[in-house]
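Worksheet for the structure shown next.
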Amino acid sequence: MITPVNRITLIETKSGKLSLKVDNQDGRSKTIHSVYDPVAEAKSVVETFRFGGKGILVVLGLGLGYHVAALGKRFPDAKIIVIEASPEIMDLAGEHGAVMPEGVTFIYGLSPENALAEITRIQIKEGLPSLSVFTLNPAVSAFEAYYRPILKALENTVSVKLWDRLRYSKFREETVKAVLIDPGYFLVSEVEKGLKELGHKVIRLPVSRVEEGNAVVSRMMETVLDFRPDFLLTMNHLGFDEDGVLSEFFKSIEMPVASWYVDSPRLIVHAFDKNVSPWMSLFLWDKSYMKDMKDMGFESVGYLPLGTDDSMFRPLPSGKHRKKLAGYSCDVSFVGNSMVEPVRECMEKVHPDLHPVIEETAEQVARSGAAPGDISDVIPEGRREKITGLTRKEKMDLEAAVLWKATLLYRLSCLQMMKEFNLSIYGDSAWKELLRHQNYQLLPPLNYYKELPYLYNACRINFNATSRQMSEAVNQRVFDVPACGSFVLTDHQKSLEELFDIGKEMISYRHKDEIPGLVR
């Protein structure tokens with residue numbers, strides 16, 4: 001909070017230069033610069049200031065800027081940041097103050113907390129150089145309630161050499177220490193468990209999906225200082241911001257980061273490409289996206305398919321679990337979302353003029369069985385002029401709408417091939433509208449952890465139709481069902497050939513027309 005001020009006035013000094021007088025409501029008055037010669041005063045103070053000349057120099061208090069001009073002249077290689085409590089003083093300095101050096105950054109009109117956050121942002125952007133503080137003492141005294149918290153925080157940063165402590169050698173021991181960014185995504189628990197079973201040390205860092213990058217950086221600093229991890233791991237870049245603040249922070253402290261994609265990276269990273277960094281390694285569950293990510297600028301891109309947790313998905317003894325298994329007993333089942341709501345949400349982000357383009361392209365992708373490398377490649381020729389001039393974000397929104405609508409159409413067409421089998425569908429209520437008046441048993445969604453293993457054990461044929469965002473990869477169900485000792489009938493994906501013995505360990509259909517015969 002800024003100290004209440006009655007007025008700020010310009011006064012002429014004996015040298016002819018101007019100074020400022022601040023009259024506070026508590027009756028105190030402060031003159032910001034010398035009433036004799038403010039230029040000579042600034043030069044004298046700056047000459048006695050100890051500073052190496054490199055890195056960031058935070059100046060508390062602008063006044064009319066005589067000291068800032070002197071600092072810029074003496075330390076031309078420094079990055080100078082000036083924090084000013086009063087917007088009125090900022091205006092007076094612009095009109096009556098000293099000529100400012102080039103490249104000075106001014107922070108004013110912000111709370112102390114936001115001013116500190118802005119300094120952190122600049123530090124990260126500059127690569128975390130050393131930081132020093134210069135105080136214009138009369139200004140700090142005049143606006144003490146504003147400047148003191150900032151000064152205390154900055155002095156703590158300087159005294160503990162925070163940035164040196166954030167940089168340290170990694171991977172020096174066989175046991176790896178990892179920070180797992182946790183936005184509440186369903187695979188986080190499995191990843192944590194897998195790392196621990198391999199003998200590594202893991203801690204989670206909870207992150208809200210709406211949390212700003214600067215707020216995450218603050219908590220990340222504490223985690224890095226306390227735990228000293230070898231690397232950080234996230235899923236689908238969750239926890240990262242569009243402006244690349246977190247990526248810049250990791251780059252500045254030389255912290256390796258891995259992001260495992262189990263959804264289309266095109267629909268995520270392309271929307272905020274400021275997260276491309278040599279310190280970021282990508283692992284993709286689908287090989288078909290690898291070239292696209294390398295072309296985008298990621299230097300380390302690897303293939304990491306999905307798997308299963310065989311302590312959860314395992315054969316369940318019929319004696320012990322008889323009652324529960326009986327409740328899920330059926331010949332053929334499908335577990336999955338109708339995609340009606342995700343399609344609606346995606347369509348709302350796209351201009352109505354493009355909705356016919358989405359519908360036509362989705363029908364084509366639903367039939368072709370491949371996710372597009374670039375949406376332009378699969379849009380019907382007569383419609384391509386419609387997407388000319390779209391921004392990257394608009395193009396990604398359109399691509400997402402196409403993929404989700406194509407998945408809806410594909411799943412629906414596959415399920416319609418099983419009318420004769422009294423198929424049990426576990427999913428959202430929108431299936432009722434899509435499959436009305438047809439011979440299906442529509443049931444509520446299942447909890448992945450508590451209910452799905454029972455269904456996979458009890459059902460004779462667990463049916464799978466892969467999302468159209470997956471060109472080559474196989475999804476979770478293709479691993480989970482066999483881990484239960486049960487049977488899955490899935491569409492043929494290229495990755496199946498390297499993961500399973502087709503015909504012996506896995507039965508697949510290449511076209512939906514094959515489904516009824518294979519089910520029989």
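We label chains A, B, ... in the order they appear in the structure tokens, count residues from 1 in each chain, and number ligands from 1 in the order shown.
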Residues within 8 Å of range 469-480 of chain A, only C-alpha atoms, excluding chain neighbours under 3 positions, as a PDB file with C-alpha atoms, in the first residue's frame:
```
ATOM      1  CA  ASP A 263      -2.726 -36.565 -26.827  1.00  0.00           C
ATOM      2  CA  SER A 264      -1.997 -34.680 -30.041  1.00  0.00           C
ATOM      3  CA  TRP A 285       2.796 -41.877 -27.683  1.00  0.00           C
ATOM      4  CA  ASP A 286       2.365 -41.719 -31.471  1.00  0.00           C
ATOM      5  CA  LYS A 287       5.374 -41.797 -33.817  1.00  0.00           C
ATOM      6  CA  SER A 288       3.537 -39.950 -36.570  1.00  0.00           C
ATOM      7  CA  PRO A 305       3.917 -45.712 -26.062  1.00  0.00           C
ATOM      8  CA  LEU A 306       1.290 -46.199 -23.408  1.00  0.00           C
ATOM      9  CA  GLY A 307       1.263 -49.192 -21.061  1.00  0.00           C
ATOM     10  CA  THR A 308      -0.754 -50.509 -18.164  1.00  0.00           C
ATOM     11  CA  ASP A 309      -0.610 -50.839 -14.388  1.00  0.00           C
ATOM     12  CA  ASP A 310      -0.781 -54.614 -13.916  1.00  0.00           C
ATOM     13  CA  PHE A 313      -5.570 -54.384 -14.353  1.00  0.00           C
ATOM     14  CA  GLY A 369      -8.531 -43.826 -40.555  1.00  0.00           C
ATOM     15  CA  ALA A 370      -5.607 -41.405 -40.220  1.00  0.00           C
ATOM     16  CA  ALA A 371      -5.080 -38.195 -38.287  1.00  0.00           C
ATOM     17  CA  PRO A 372      -3.983 -35.371 -40.580  1.00  0.00           C
ATOM     18  CA  LEU A 403     -10.549 -34.599 -35.070  1.00  0.00           C
ATOM     19  CA  TRP A 404     -13.192 -34.783 -32.340  1.00  0.00           C
ATOM     20  CA  THR A 407     -13.831 -39.555 -33.763  1.00  0.00           C
ATOM     21  CA  ASN A 464     -12.104 -50.685 -29.073  1.00  0.00           C
ATOM     22  CA  THR A 466      -9.223 -45.619 -31.576  1.00  0.00           C
ATOM     23  CA  ALA A 483      -3.473 -57.385 -18.634  1.00  0.00           C
ATOM     24  CA  CYS A 484      -6.762 -58.640 -17.162  1.00  0.00           C
ATOM     25  CA  VAL A 488     -10.073 -56.993 -26.819  1.00  0.00           C
ATOM     26  CA  THR A 490      -9.501 -53.383 -31.752  1.00  0.00           C
ATOM     27  CA  GLN A 493      -3.006 -49.512 -35.864  1.00  0.00           C
ATOM     28  CA  LYS A 494       0.565 -49.581 -37.141  1.00  0.00           C
ATOM     29  CA  SER A 495       1.979 -49.749 -33.604  1.00  0.00           C
ATOM     30  CA  LEU A 496       0.091 -52.984 -32.931  1.00  0.00           C
TER      31      LEU A 496
END
```
Handout entry: Contacts of range 75-91 of chain A at 6 Å (only C-alpha atoms; same-chain gap of 2+ positions) as a count of residues only
Key = 21
Practice task
Assign secondary structure with DSSP using the backbone only, and return the residues of range 131-295 of chain A in strand (DSSP E) as an NGL selection string.
Solution key: :A and (131-135 or 177-182 or 201-206 or 231-235 or 257-261 or 280-284)
Exercise for the section: Could you please write out, as a VMD selection string, every residue of range 267-381 of chain A that DSSP assigns to alpha helix (DSSP H)? Expected result: chain A and resid 267 to 269 290 to 296 322 to 328 340 to 348 355 to 368
Limited to N, CA, C and O atoms, could you put the picked residues into a file as a short mmCIF file (atom, residue, chain, number, x, y, z; two decimals), in the first residue's frame?
```cif
data_model
loop_
_atom_site.label_atom_id
_atom_site.label_comp_id
_atom_site.auth_asym_id
_atom_site.auth_seq_id
_atom_site.Cartn_x
_atom_site.Cartn_y
_atom_site.Cartn_z
N LEU A 267 -2.15 -29.99 -31.26
CA LEU A 267 -3.25 -29.19 -30.73
C LEU A 267 -2.88 -28.45 -29.45
O LEU A 267 -3.66 -27.66 -28.94
N ILE A 268 -1.68 -28.72 -28.94
CA ILE A 268 -1.26 -28.09 -27.68
C ILE A 268 -0.07 -27.17 -27.92
O ILE A 268 -0.16 -25.95 -27.75
N VAL A 269 1.04 -27.72 -28.36
CA VAL A 269 2.28 -26.93 -28.49
C VAL A 269 2.19 -25.89 -29.60
O VAL A 269 2.71 -24.78 -29.46
N MET A 290 6.31 -37.16 -34.61
CA MET A 290 7.71 -36.86 -34.28
C MET A 290 8.34 -35.84 -35.23
O MET A 290 8.99 -34.89 -34.81
N LYS A 291 8.15 -36.02 -36.53
CA LYS A 291 8.73 -35.09 -37.51
C LYS A 291 8.18 -33.68 -37.31
O LYS A 291 8.93 -32.69 -37.36
N ASP A 292 6.89 -33.57 -37.07
CA ASP A 292 6.25 -32.27 -36.87
C ASP A 292 6.87 -31.53 -35.69
O ASP A 292 7.14 -30.33 -35.76
N MET A 293 7.13 -32.25 -34.61
CA MET A 293 7.71 -31.63 -33.42
C MET A 293 9.18 -31.23 -33.66
O MET A 293 9.62 -30.19 -33.19
N LYS A 294 9.92 -32.05 -34.39
CA LYS A 294 11.30 -31.69 -34.72
C LYS A 294 11.34 -30.47 -35.64
O LYS A 294 12.18 -29.58 -35.48
N ASP A 295 10.42 -30.43 -36.60
CA ASP A 295 10.35 -29.27 -37.50
C ASP A 295 9.99 -28.00 -36.73
O ASP A 295 10.39 -26.90 -37.12
N MET A 296 9.28 -28.16 -35.64
CA MET A 296 8.89 -27.01 -34.84
C MET A 296 10.06 -26.43 -34.06
O MET A 296 10.03 -25.29 -33.62
N ARG A 322 -16.97 -62.72 -7.16
CA ARG A 322 -18.09 -63.24 -7.93
C ARG A 322 -19.24 -62.24 -8.07
O ARG A 322 -19.76 -62.01 -9.17
N LYS A 323 -19.65 -61.64 -6.98
CA LYS A 323 -20.82 -60.76 -7.00
C LYS A 323 -20.59 -59.54 -7.89
O LYS A 323 -21.45 -59.19 -8.71
N LYS A 324 -19.43 -58.93 -7.75
CA LYS A 324 -19.15 -57.73 -8.55
C LYS A 324 -18.99 -58.08 -10.02
O LYS A 324 -19.47 -57.36 -10.91
N LEU A 325 -18.30 -59.16 -10.30
CA LEU A 325 -18.09 -59.55 -11.70
C LEU A 325 -19.42 -59.87 -12.37
O LEU A 325 -19.62 -59.55 -13.56
N ALA A 326 -20.34 -60.46 -11.63
CA ALA A 326 -21.65 -60.80 -12.19
C ALA A 326 -22.39 -59.54 -12.66
O ALA A 326 -23.12 -59.56 -13.66
N GLY A 327 -22.18 -58.44 -11.96
CA GLY A 327 -22.85 -57.19 -12.32
C GLY A 327 -22.37 -56.61 -13.63
O GLY A 327 -23.05 -55.76 -14.23
N TYR A 328 -21.19 -57.02 -14.07
CA TYR A 328 -20.62 -56.48 -15.32
C TYR A 328 -20.60 -57.52 -16.44
O TYR A 328 -20.11 -57.25 -17.53
N VAL A 340 -19.89 -35.88 -28.16
CA VAL A 340 -20.86 -34.84 -28.52
C VAL A 340 -20.52 -33.51 -27.84
O VAL A 340 -20.49 -32.46 -28.47
N GLU A 341 -20.24 -33.55 -26.53
CA GLU A 341 -19.94 -32.32 -25.80
C GLU A 341 -18.59 -31.73 -26.22
O GLU A 341 -18.50 -30.51 -26.46
N PRO A 342 -17.50 -32.52 -26.31
CA PRO A 342 -16.24 -31.95 -26.80
C PRO A 342 -16.37 -31.33 -28.19
O PRO A 342 -15.77 -30.28 -28.47
N VAL A 343 -17.16 -31.95 -29.08
CA VAL A 343 -17.36 -31.38 -30.42
C VAL A 343 -18.09 -30.05 -30.32
O VAL A 343 -17.72 -29.07 -30.99
N ARG A 344 -19.10 -30.00 -29.49
CA ARG A 344 -19.85 -28.73 -29.32
C ARG A 344 -18.93 -27.62 -28.83
O ARG A 344 -18.96 -26.50 -29.33
N GLU A 345 -18.10 -27.93 -27.83
CA GLU A 345 -17.18 -26.93 -27.29
C GLU A 345 -16.18 -26.46 -28.35
O GLU A 345 -15.87 -25.27 -28.44
N CYS A 346 -15.68 -27.40 -29.16
CA CYS A 346 -14.73 -27.03 -30.22
C CYS A 346 -15.40 -26.18 -31.30
O CYS A 346 -14.82 -25.22 -31.81
N MET A 347 -16.62 -26.53 -31.66
CA MET A 347 -17.33 -25.80 -32.71
C MET A 347 -17.60 -24.35 -32.29
O MET A 347 -17.60 -23.44 -33.12
N GLU A 348 -17.82 -24.14 -30.99
CA GLU A 348 -18.08 -22.79 -30.49
C GLU A 348 -16.86 -21.87 -30.66
O GLU A 348 -17.00 -20.65 -30.71
N HIS A 355 -18.09 -24.08 -40.15
CA HIS A 355 -18.72 -25.31 -39.68
C HIS A 355 -18.94 -26.33 -40.81
O HIS A 355 -18.71 -27.53 -40.61
N PRO A 356 -19.39 -25.91 -42.01
CA PRO A 356 -19.51 -26.88 -43.10
C PRO A 356 -18.17 -27.51 -43.48
O PRO A 356 -18.12 -28.69 -43.85
N VAL A 357 -17.09 -26.73 -43.40
CA VAL A 357 -15.75 -27.27 -43.68
C VAL A 357 -15.41 -28.37 -42.68
O VAL A 357 -14.88 -29.43 -43.04
N ILE A 358 -15.71 -28.11 -41.40
CA ILE A 358 -15.45 -29.09 -40.34
C ILE A 358 -16.24 -30.37 -40.59
O ILE A 358 -15.70 -31.48 -40.50
N GLU A 359 -17.52 -30.23 -40.91
CA GLU A 359 -18.37 -31.40 -41.12
C GLU A 359 -17.85 -32.26 -42.27
O GLU A 359 -17.72 -33.49 -42.12
N GLU A 360 -17.55 -31.64 -43.40
CA GLU A 360 -17.07 -32.40 -44.57
C GLU A 360 -15.73 -33.07 -44.31
O GLU A 360 -15.52 -34.23 -44.64
N THR A 361 -14.81 -32.31 -43.70
CA THR A 361 -13.47 -32.85 -43.45
C THR A 361 -13.52 -33.97 -42.42
O THR A 361 -12.83 -34.98 -42.54
N ALA A 362 -14.36 -33.81 -41.40
CA ALA A 362 -14.49 -34.84 -40.36
C ALA A 362 -15.00 -36.14 -40.96
O ALA A 362 -14.54 -37.23 -40.60
N GLU A 363 -15.95 -36.06 -41.86
CA GLU A 363 -16.47 -37.27 -42.51
C GLU A 363 -15.35 -37.98 -43.28
O GLU A 363 -15.25 -39.21 -43.25
N GLN A 364 -14.50 -37.19 -43.93
CA GLN A 364 -13.40 -37.77 -44.70
C GLN A 364 -12.38 -38.44 -43.78
O GLN A 364 -11.91 -39.55 -44.04
N VAL A 365 -12.03 -37.76 -42.66
CA VAL A 365 -11.06 -38.32 -41.71
C VAL A 365 -11.64 -39.55 -41.02
O VAL A 365 -10.94 -40.53 -40.77
N ALA A 366 -12.93 -39.53 -40.73
CA ALA A 366 -13.58 -40.69 -40.09
C ALA A 366 -13.47 -41.92 -40.99
O ALA A 366 -13.28 -43.04 -40.50
N ARG A 367 -13.57 -41.71 -42.30
CA ARG A 367 -13.48 -42.84 -43.23
C ARG A 367 -12.04 -43.28 -43.48
O ARG A 367 -11.76 -44.46 -43.63
N SER A 368 -11.10 -42.30 -43.52
CA SER A 368 -9.72 -42.60 -43.94
C SER A 368 -8.92 -43.33 -42.89
O SER A 368 -7.99 -44.07 -43.21
#
```
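The neighbours of Trp260 in chain A here are the residues that come within 8 Å of it, using only C-alpha atoms and leaving out any residue fewer than 5 positions away in the same chain; they are A:Leu233, A:Thr234, A:Met235, A:Asn236, A:His237, A:Leu282, A:Phe283, A:Leu284, A:Trp285, A:Leu304.
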Expected file contents, prior selection, N, CA and C atoms, as a short mmCIF file (atom, residue, chain, number, x, y, z; two decimals), in the first residue's frame:
```
data_model
loop_
_atom_site.label_atom_id
_atom_site.label_comp_id
_atom_site.auth_asym_id
_atom_site.auth_seq_id
_atom_site.Cartn_x
_atom_site.Cartn_y
_atom_site.Cartn_z
N LEU A 233 9.03 -33.50 -14.88
CA LEU A 233 8.23 -34.27 -15.82
C LEU A 233 6.80 -33.76 -15.80
N THR A 234 6.24 -33.56 -16.99
CA THR A 234 4.84 -33.17 -17.11
C THR A 234 4.17 -34.01 -18.19
N MET A 235 2.84 -33.96 -18.22
CA MET A 235 2.07 -34.67 -19.24
C MET A 235 1.45 -33.63 -20.16
N ASN A 236 1.62 -33.80 -21.46
CA ASN A 236 0.96 -32.90 -22.44
C ASN A 236 1.27 -31.43 -22.19
N HIS A 237 2.45 -31.13 -21.64
CA HIS A 237 2.84 -29.75 -21.34
C HIS A 237 1.90 -29.08 -20.32
N LEU A 282 10.69 -34.06 -25.59
CA LEU A 282 9.33 -34.54 -25.81
C LEU A 282 9.33 -36.05 -25.99
N PHE A 283 8.36 -36.71 -25.38
CA PHE A 283 8.14 -38.14 -25.59
C PHE A 283 6.71 -38.29 -26.10
N LEU A 284 6.55 -38.93 -27.26
CA LEU A 284 5.25 -38.99 -27.92
C LEU A 284 4.71 -40.42 -27.94
N TRP A 285 3.43 -40.55 -27.68
CA TRP A 285 2.80 -41.88 -27.68
C TRP A 285 2.46 -42.32 -29.10
N LEU A 304 7.42 -42.97 -26.87
CA LEU A 304 7.11 -43.65 -25.62
C LEU A 304 5.63 -44.03 -25.63
#
```
Exercise for the section: Please identify all polymer residues within 9 Å of range 126-131 of chain A, counting only C-alpha atoms, omitting same-chain residues fewer than 4 positions from it, and present them as a PyMOL selection string. Expected result: chain A and resi 54-58+120-122+154+157-158+161+163-164+248-249+251-253
Problem - Atom-to-atom span, CA of Leu225 in chain A and CA of Asp182 in chain A, Å - result: 18.5 Å
Practice task
Using only C-alpha atoms, determine which residues lie at most 9 Å from His67 in chain A, disregarding the query and same-chain residues fewer than 2 positions distant; provide the list as a PyMOL selection string.
Solution key: chain A and resi 38-39+41-43+45-46+62-65+69-72+98+136
Those selected residues, please, written with C-alpha atoms and delivered as an mmCIF file, in the first residue's frame.
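Full text of again37.cif as output:
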```cif
data_model
loop_
_atom_site.group_PDB
_atom_site.id
_atom_site.type_symbol
_atom_site.label_atom_id
_atom_site.label_comp_id
_atom_site.auth_asym_id
_atom_site.auth_seq_id
_atom_site.Cartn_x
_atom_site.Cartn_y
_atom_site.Cartn_z
ATOM 1 C CA PRO A 38 20.762 17.427 -7.524
ATOM 2 C CA VAL A 39 22.977 16.498 -10.491
ATOM 3 C CA GLU A 41 24.511 14.858 -5.585
ATOM 4 C CA ALA A 42 23.498 12.011 -7.927
ATOM 5 C CA LYS A 43 26.986 11.770 -9.418
ATOM 6 C CA VAL A 45 26.203 8.910 -4.690
ATOM 7 C CA VAL A 46 26.604 6.779 -7.820
ATOM 8 C CA LEU A 62 12.760 7.491 -9.697
ATOM 9 C CA GLY A 63 12.286 11.054 -8.538
ATOM 10 C CA LEU A 64 13.409 13.202 -11.466
ATOM 11 C CA GLY A 65 15.907 10.568 -12.525
ATOM 12 C CA ALA A 69 21.084 8.999 -15.666
ATOM 13 C CA ALA A 70 24.331 8.762 -13.652
ATOM 14 C CA LEU A 71 23.935 4.994 -13.182
ATOM 15 C CA GLY A 72 23.369 4.500 -16.895
ATOM 16 C CA ALA A 98 16.811 14.062 -16.566
ATOM 17 C CA LEU A 136 17.012 6.499 -3.649
#
```
